[in-house]
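Take a look at the structure set out below.
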Amino acid sequence: MIELAKETERVILVGVCISDQDDTMNSLEELKELAETAKAKTVGRLVQNREQIHPATYIGKGKIEELKDLLWELDATGIICDDELSPVQMKNLQDELDTKVMDRTLVILDIFAARASTSEGKLQVELAQLKYRQTRLTGFGMAMSRLGGGIGTRGPGEKKLEMDRRLIKSRIAQLNRELKDVRRHRQVTREQRCRNHIPVAAIVGYTNAGKSTLLKALTGADILAEDKLFATLDPTTRGRRLPSGQEILLTDTVGFIRKLPHHLIEAFKSTLEEARYADLLLHVADVSNPHMDEQMYTVYETLKSLGVTDKPVITIFNKQDKVEGDQESIRDFRADYTVRMSAKTGEGIPELLKTIEAVQRERKILIEFLYPYQDAGKLQLIRRYGEMLEEDYQEDGIFVRAYIPAEIYQNLKISS
């Protein structure tokens, strides 16, 4: 991995405000956070109001001239555009500005390359980076030979033009084979969980909403939980016993973000599929963020693109310790349940666990059986996979009232 340059990159953020959109400034503010996470300093911004993005240069000619002056006045070393640039747009901007040109996708990929720690995460990031660069080989020209530090040089790196399309294509094929094995392993793990009848809850949400902190608070998992964008990439699964005694598995997933690069969605599909195969979604929302509604919309749209549309959802309005006043007006009409809590302080955890139990109970069958004493071993199955409500030892057997998963009902019927 190539080290960062000693001097921090000084960048100008560039955005295009389409006439029917009004969140460009919010998006640029988020881009500033991404740039800071990638160790760059934002020294200026430039926004152009247009009916559509310029197909050849992203922004118009007049703004390009204005951007040239800004680069000189602010002593900037590059620009970051708030959308994914086409190869033509990137090449034309580099030719016009004679400076380093980056886009939102490149910055996100760079952050992922720095944060990936497991072999799976590194494979996924490298695959996304190579797919991104594959379409831009001819567009970079001499720029491909740069080996300096800064955004876009982490991960597999750039080794001049000898890493041509043929070599990249070969490496992509190899990565796909390796990731296919990873997906197969994940599928085996999911099938094992299904056979064990242990429900799975996937923790989803916008980046930096507090997903990892929640998993840590619920299970004591030894994972990184920081106030940063994409602090953790690699999924972590841990078990938690609910107050009723039933065990549930909680799986953290990679955070979502607006304009999430399609290269990443493809590369991280095996990770994101944890949400598709889960029994329940815990949607973590940062109640202290003024753009929480837009972030929740992004999460639901990303889940929709992944085909995750039929799962019960508990929305967790997290970070209550950071807000004051009445929060009763906050709603999520797409969620089945909502819980207000602070994963950092532990406030609201008992309510969340009760809500998870309520959701699980809706998916179970209520049984009332009088088991002969020779069938007493079946009670262990109920305690492990179900929710025991009543257990009364009587003269002619054991009376049981409990909620159980439908999958194990046949195994719990009374022997004839």
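Residue numbers start at 1 in each chain; chains themselves are named A, B, ... in the order of the structure tokens; ligands are numbered from 1 in the order shown.
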Write down as a PyMOL selection string the residues belonging to region 165-369 of chain A that are assigned strand (DSSP E or B) by DSSP computed on the backbone.
chain A and resi 200-206+237-241+247-252+256+280-286+313-318+337-340+364-369
From the list A:Ala35, A:Val47, A:Ile382, A:Ile414, which residue is nearest Ile18 (chain A) when using only C-alpha atoms?
A:Val47
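Backbone DSSP over region 296-374 of chain A yields helix (DSSP H, G or I) at A:Met296, A:Tyr297, A:Thr298, A:Val299, A:Tyr300, A:Glu301, A:Thr302, A:Leu303, A:Lys304, A:Ser305, A:Gln320, A:Asp321, A:Lys322, A:Ile349, A:Pro350, A:Glu351, A:Leu352, A:Leu353, A:Lys354, A:Thr355, A:Ile356, A:Glu357, A:Ala358, A:Val359, A:Gln360, A:Arg361, A:Glu362, A:Tyr373, A:Gln374.
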CA of Lys216 (chain A) to CA of Phe333 (chain A) measures 27.3 Å
Contacts of Leu272 (chain A) at 9 Å (only C-alpha atoms; same-chain gap of 3+ positions) as an NGL selection string:
:A and (235 or 253-254 or 265 or 268-269 or 275-276 or 303 or 306)
Since we have the selection now, will you write its residues out, keeping N, CA, C and O atoms, as a short mmCIF file (atom, residue, chain, number, x, y, z; two decimals), in the first residue's frame?
```cif
data_model
loop_
_atom_site.label_atom_id
_atom_site.label_comp_id
_atom_site.auth_asym_id
_atom_site.auth_seq_id
_atom_site.Cartn_x
_atom_site.Cartn_y
_atom_site.Cartn_z
N PRO A 235 -18.34 -6.98 7.84
CA PRO A 235 -19.50 -7.36 8.64
C PRO A 235 -19.10 -8.21 9.84
O PRO A 235 -18.18 -9.02 9.77
N THR A 253 -23.69 -4.31 9.02
CA THR A 253 -23.44 -4.22 7.58
C THR A 253 -22.75 -2.90 7.27
O THR A 253 -22.74 -1.98 8.09
N VAL A 254 -22.19 -2.81 6.06
CA VAL A 254 -21.51 -1.59 5.65
C VAL A 254 -22.53 -0.44 5.55
O VAL A 254 -23.67 -0.64 5.17
N ILE A 265 -21.53 -1.42 -4.72
CA ILE A 265 -22.71 -2.26 -4.51
C ILE A 265 -22.48 -3.64 -5.10
O ILE A 265 -22.80 -4.66 -4.49
N PHE A 268 -19.59 -5.43 -3.01
CA PHE A 268 -19.98 -5.78 -1.64
C PHE A 268 -21.32 -6.52 -1.58
O PHE A 268 -21.95 -6.57 -0.54
N LYS A 269 -21.73 -7.07 -2.72
CA LYS A 269 -23.06 -7.70 -2.76
C LYS A 269 -23.18 -8.83 -1.74
O LYS A 269 -24.21 -8.98 -1.08
N ALA A 275 -28.57 -8.44 4.61
CA ALA A 275 -29.87 -7.82 4.86
C ALA A 275 -30.98 -8.59 4.16
O ALA A 275 -32.09 -8.71 4.69
N ARG A 276 -30.69 -9.10 2.97
CA ARG A 276 -31.72 -9.82 2.21
C ARG A 276 -32.14 -11.11 2.89
O ARG A 276 -33.31 -11.50 2.86
N LEU A 303 -31.80 -0.31 -0.05
CA LEU A 303 -32.36 -1.63 0.27
C LEU A 303 -33.27 -2.11 -0.86
O LEU A 303 -33.24 -3.28 -1.24
N LEU A 306 -31.39 -3.51 -3.66
CA LEU A 306 -30.84 -4.83 -3.33
C LEU A 306 -31.92 -5.90 -3.25
O LEU A 306 -31.63 -7.06 -2.99
#
```
Between CA of Lys169 (chain A) and CA of Ile108 (chain A), measure the distance and give it in Å to one decimal.
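Interatomic distance, CA of Lys169 (chain A) to CA of Ile108 (chain A): 22.1 Å.
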Leaving out Tyr206 (chain A) and any residue of its chain fewer than 5 positions from it, which residues lie within 9 Å of it when counting only C-alpha atoms, given as a list in words?
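Within the cut-off, the hits are Lys211, Val254, Gly255, Phe256, Ile257, Arg258, His283, Val284, Ala285, Asp286, Gln295, Met296, Thr298 and Val299 of chain A.
Proximity to Gly205 (chain A) was assessed for A:Glu120, A:Glu126, A:Glu294, A:Asp103 counting only C-alpha atoms; the smallest distance is recorded for A:Glu294.
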